[in-house]
Every structure is written in C-alpha cells, then in structure tokens.
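Shown next: input_1.pdb, containing PDB, C-alpha atoms, pLDDT in the B column.
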MODEL        1
ATOM      1  CA  MET A 245      11.108  -6.830 -67.281  1.00 68.00           C
ATOM      2  CA  GLU A 246      14.830  -6.120 -66.913  1.00 79.00           C
ATOM      3  CA  LEU A 247      16.661  -5.968 -63.589  1.00 82.00           C
ATOM      4  CA  HIS A 248      17.182  -2.200 -63.775  1.00 85.00           C
ATOM      5  CA  GLU A 249      13.433  -1.665 -64.216  1.00 84.00           C
ATOM      6  CA  ARG A 250      12.627  -3.974 -61.303  1.00 83.00           C
ATOM      7  CA  ILE A 251      15.011  -2.131 -58.992  1.00 89.00           C
ATOM      8  CA  ARG A 252      13.513   1.252 -59.894  1.00 88.00           C
ATOM      9  CA  ILE A 253       9.938   0.037 -59.625  1.00 84.00           C
ATOM     10  CA  ALA A 254      10.530  -1.625 -56.262  1.00 85.00           C
ATOM     11  CA  ARG A 255      12.279   1.511 -54.948  1.00 88.00           C
ATOM     12  CA  GLU A 256       9.460   3.768 -56.106  1.00 85.00           C
ATOM     13  CA  ALA A 257       6.814   1.386 -54.771  1.00 82.00           C
ATOM     14  CA  ARG A 258       8.494   1.600 -51.354  1.00 83.00           C
ATOM     15  CA  GLY A 259       8.518   5.403 -51.574  1.00 85.00           C
ATOM     16  CA  LEU A 260      12.318   5.597 -51.324  1.00 89.00           C
ATOM     17  CA  SER A 261      14.508   8.150 -53.044  1.00 93.00           C
ATOM     18  CA  ARG A 262      17.688   6.995 -54.751  1.00 95.00           C
ATOM     19  CA  LYS A 263      19.650   8.639 -51.951  1.00 95.00           C
ATOM     20  CA  GLU A 264      17.682   6.734 -49.289  1.00 94.00           C
ATOM     21  CA  LEU A 265      18.140   3.414 -51.090  1.00 95.00           C
ATOM     22  CA  ALA A 266      21.851   4.084 -51.558  1.00 96.00           C
ATOM     23  CA  ALA A 267      22.287   4.778 -47.838  1.00 95.00           C
ATOM     24  CA  ALA A 268      20.321   1.652 -46.925  1.00 94.00           C
ATOM     25  CA  VAL A 269      22.595  -0.606 -49.002  1.00 94.00           C
ATOM     26  CA  GLY A 270      25.840   1.266 -48.306  1.00 95.00           C
ATOM     27  CA  LYS A 271      26.410   2.501 -51.846  1.00 96.00           C
ATOM     28  CA  SER A 272      26.395   5.888 -53.564  1.00 96.00           C
ATOM     29  CA  GLU A 273      23.381   7.543 -55.102  1.00 96.00           C
ATOM     30  CA  GLN A 274      25.280   7.431 -58.413  1.00 97.00           C
ATOM     31  CA  ALA A 275      25.534   3.631 -58.118  1.00 96.00           C
ATOM     32  CA  VAL A 276      21.752   3.430 -57.751  1.00 96.00           C
ATOM     33  CA  ARG A 277      21.354   5.657 -60.829  1.00 96.00           C
ATOM     34  CA  TRP A 278      23.633   3.334 -62.809  1.00 95.00           C
ATOM     35  CA  TRP A 279      21.706   0.248 -61.683  1.00 94.00           C
ATOM     36  CA  GLU A 280      18.372   1.846 -62.583  1.00 93.00           C
ATOM     37  CA  SER A 281      19.596   3.004 -65.986  1.00 93.00           C
ATOM     38  CA  GLY A 282      21.057  -0.411 -66.786  1.00 90.00           C
ATOM     39  CA  THR A 283      24.578   1.033 -67.065  1.00 92.00           C
ATOM     40  CA  ASN A 284      25.884  -1.242 -64.296  1.00 92.00           C
ATOM     41  CA  ARG A 285      24.524  -4.232 -62.395  1.00 89.00           C
ATOM     42  CA  PRO A 286      24.820  -4.592 -58.640  1.00 90.00           C
ATOM     43  CA  ARG A 287      27.046  -7.401 -57.376  1.00 88.00           C
ATOM     44  CA  HIS A 288      25.443 -10.477 -55.884  1.00 83.00           C
ATOM     45  CA  GLU A 289      25.954  -9.361 -52.266  1.00 85.00           C
ATOM     46  CA  VAL A 290      24.394  -5.986 -53.102  1.00 89.00           C
ATOM     47  CA  LEU A 291      21.444  -7.737 -54.779  1.00 86.00           C
ATOM     48  CA  LEU A 292      20.857  -9.601 -51.515  1.00 84.00           C
ATOM     49  CA  LYS A 293      20.916  -6.323 -49.565  1.00 88.00           C
ATOM     50  CA  LEU A 294      18.591  -4.707 -52.128  1.00 89.00           C
ATOM     51  CA  GLY A 295      16.228  -7.629 -51.638  1.00 85.00           C
ATOM     52  CA  GLU A 296      16.172  -7.014 -47.876  1.00 85.00           C
ATOM     53  CA  VAL A 297      15.594  -3.270 -48.217  1.00 87.00           C
ATOM     54  CA  LEU A 298      13.042  -3.527 -51.029  1.00 84.00           C
ATOM     55  CA  ALA A 299      11.294  -6.605 -49.579  1.00 79.00           C
ATOM     56  CA  CYS A 300      11.859  -8.717 -52.685  1.00 78.00           C
ATOM     57  CA  SER A 301      14.361 -11.378 -53.659  1.00 72.00           C
ATOM     58  CA  PHE A 302      16.495 -11.856 -56.734  1.00 65.00           C
ATOM     59  CA  ASP A 303      17.622 -15.093 -58.347  1.00 57.00           C
ATOM     60  CA  GLY A 304      21.187 -15.712 -59.537  1.00 47.00           C
ATOM     61  CA  GLY A 305      20.491 -13.986 -62.837  1.00 50.00           C
ATOM     62  CA  GLY A 306      19.274 -10.886 -61.074  1.00 46.00           C
ATOM     63  CA  ALA A 307      15.586 -11.240 -61.911  1.00 47.00           C
ATOM     64  CA  ALA A 308      13.177 -10.483 -59.112  1.00 48.00           C
ATOM     65  CA  VAL A 309      11.288 -13.645 -58.294  1.00 44.00           C
ATOM     66  CA  ASP A 310       9.349 -12.646 -55.205  1.00 52.00           C
ATOM     67  CA  TRP A 311       8.017  -9.176 -54.556  1.00 52.00           C
ATOM     68  CA  GLY A 312       7.096  -9.998 -50.966  1.00 57.00           C
ATOM     69  CA  PRO A 313       4.111  -7.941 -49.871  1.00 60.00           C
ATOM     70  CA  LEU A 314       3.766  -6.310 -53.295  1.00 60.00           C
ATOM     71  CA  SER A 315       0.894  -7.794 -55.242  1.00 65.00           C
ATOM     72  CA  ALA A 316       0.862  -8.073 -59.022  1.00 64.00           C
ATOM     73  CA  GLU A 317      -1.469  -5.065 -59.023  1.00 73.00           C
ATOM     74  CA  ASP A 318       1.055  -3.053 -56.962  1.00 71.00           C
ATOM     75  CA  VAL A 319       3.838  -3.882 -59.406  1.00 67.00           C
ATOM     76  CA  ALA A 320       1.615  -3.027 -62.402  1.00 72.00           C
ATOM     77  CA  LEU A 321       0.663   0.288 -60.770  1.00 76.00           C
ATOM     78  CA  ALA A 322       4.309   1.096 -60.039  1.00 72.00           C
ATOM     79  CA  LEU A 323       5.191   0.347 -63.649  1.00 70.00           C
ATOM     80  CA  ALA A 324       2.378   2.604 -64.885  1.00 78.00           C
ATOM     81  CA  ILE A 325       3.503   5.381 -62.530  1.00 77.00           C
ATOM     82  CA  SER A 326       7.085   5.006 -63.742  1.00 74.00           C
ATOM     83  CA  ARG A 327       5.921   5.953 -67.250  1.00 77.00           C
ATOM     84  CA  LEU A 328       4.357   9.248 -66.106  1.00 81.00           C
ATOM     85  CA  PRO A 329       6.182  12.566 -66.526  1.00 85.00           C
ATOM     86  CA  ARG A 330       8.724  13.252 -63.781  1.00 81.00           C
ATOM     87  CA  GLU A 331       6.702  15.991 -62.062  1.00 86.00           C
ATOM     88  CA  TYR A 332       3.752  13.612 -61.642  1.00 84.00           C
ATOM     89  CA  ARG A 333       6.000  10.842 -60.295  1.00 77.00           C
ATOM     90  CA  GLU A 334       7.497  13.274 -57.798  1.00 80.00           C
ATOM     91  CA  ALA A 335       4.033  14.403 -56.681  1.00 81.00           C
ATOM     92  CA  ILE A 336       2.955  10.784 -56.176  1.00 78.00           C
ATOM     93  CA  ALA A 337       6.150  10.022 -54.237  1.00 76.00           C
ATOM     94  CA  THR A 338       5.467  13.010 -51.995  1.00 77.00           C
ATOM     95  CA  LEU A 339       1.944  11.781 -51.319  1.00 78.00           C
ATOM     96  CA  VAL A 340       3.268   8.309 -50.484  1.00 73.00           C
ATOM     97  CA  ARG A 341       5.775   9.800 -48.029  1.00 72.00           C
ATOM     98  CA  LEU A 342       2.998  11.830 -46.389  1.00 72.00           C
ATOM     99  CA  GLY A 343       1.018   8.655 -45.851  1.00 67.00           C
ATOM    100  CA  GLY A 344      -2.524   9.269 -44.706  1.00 52.00           C
ATOM    101  CA  GLU A 345      -2.046  12.992 -44.169  1.00 53.00           C
ATOM    102  CA  THR A 346      -4.268  15.231 -46.224  1.00 51.00           C
ATOM    103  CA  ALA A 347      -2.224  17.183 -48.713  1.00 49.00           C
ATOM    104  CA  ARG A 348      -2.974  19.423 -51.638  1.00 54.00           C
ATOM    105  CA  LEU A 349      -0.338  19.339 -54.345  1.00 51.00           C
ATOM    106  CA  THR A 350      -0.388  21.360 -57.514  1.00 55.00           C
ATOM    107  CA  VAL A 351       1.516  19.916 -60.434  1.00 55.00           C
ATOM    108  CA  GLU A 352       2.053  22.058 -63.469  1.00 58.00           C
ATOM    109  CA  PRO A 353       2.884  20.014 -66.559  1.00 59.00           C
ATOM    110  CA  GLY A 354       6.358  20.722 -67.919  1.00 53.00           C
TER
ENDMDL
END
What does the file become when written as structure tokens?
Amino acid sequence: MELHERIRIAREARGLSRKELAAAVGKSEQAVRWWESGTNRPRHEVLLKLGEVLACSFDGGGAAVDWGPLSAEDVALALAISRLPREYREAIATLVRLGGETARLTVEPG
C-alpha cells in the first residue's frame, strides 16, 4: 500500500476530515489532498506530526510501520470503506463522528 493510501485510510479510520487533519498538523487542506492523491509527499517533520495525530508511525521511506491501536482488521475495514462510493463514505464518517448516538441516515446512491 502506498503512502498516500495509508494517510487517507488512517485519517478516515480516525474519523477526521481533511480540514481537521490539516489544522492538526499545521498545513492546508489542499496539502492533505495532495498527499492523499499522491501528487506530493509530506516532508519528514510533517510525517512525524501525522504519525502523532493519526496514532501511527512512518519509517524513513514514508511507509506506515505501526498503526498503533488500529488492528489489521481495522485497517482492512478502512480500506474496504475507502472503495465505497463517496456518499456511503460520508454517511459512515458521520456515524463515526456521532459515536454511540442513535442516528438514522438515508443515503441515496448517486
């Protein structure tokens, strides 16, 4: 799995928006978009900050080597979710943000 995929998956698994992640690491939302698309790579010091925020660490080559509290099943689930249509991903992210609250969401396929 490439670095840009690992960043996106870890962000989504934590229930963070790109804007929230950008604020947490002191960068722009556009920078996060570029990292997640593979257009640009974060610098080493930013990778360290991403590791703190996303509770994972990155080696010198930028590959995530420790997902902290995320199990292999969590990472696999996040990867599967990342392949769903956007409206489904957004609905899941909303449910994650709501936590244990009961919510009824209607998602109409695009």
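Distances here use only C-alpha atoms; by that measure, the residue among A:Ile336, A:Leu298, A:Ala268, A:Leu342 closest to Arg255 (chain A) is A:Leu298.
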### Message
To one decimal place in Å, what is the distance between CA of Ser281 (chain A) and CA of Leu339 (chain A)?
### Response
24.6 Å
#### Entry: Minimum-distance residue to Ser272 (chain A), chosen among A:Ala337, A:Ser301, A:Ile325, A:Pro286 (using all atoms listed in the file)
A:Pro286
### Separation of CA of Val297 (chain A) from CA of Leu265 (chain A) in Å
7.7 Å
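With CA of Ala257 (chain A) on one side and CA of Glu280 (chain A) on the other, the separation reads 14.0 Å.
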Set the distance at 9 Å and use only C-alpha atoms: which residues neighbour Leu323 (chain A) once local chain neighbours fewer than 6 positions away are removed? I'd like the list as a CSV table (one decimal) with C-alpha atoms, in the coordinates of the input.
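Final file, result.csv:
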chain,number,residue,atom,x,y,z
A,249,GLU,CA,13.4,-1.7,-64.2
A,250,ARG,CA,12.6,-4.0,-61.3
A,253,ILE,CA,9.9,0.0,-59.6
### Message
Residues within 10 Å of Arg277 (chain A), please, as an MDAnalysis selection string. Count only C-alpha atoms; anything in the same chain fewer than 2 positions from it doesn't count.
### Response
chainID A and resid 248 252 262:263 266 272:275 279:284
### Query
Given the choices A:Gly270, A:Leu321, A:Ile251, A:Glu296, which gets closest to Arg333 (chain A) if the distance is worked out from only C-alpha atoms?
A:Leu321
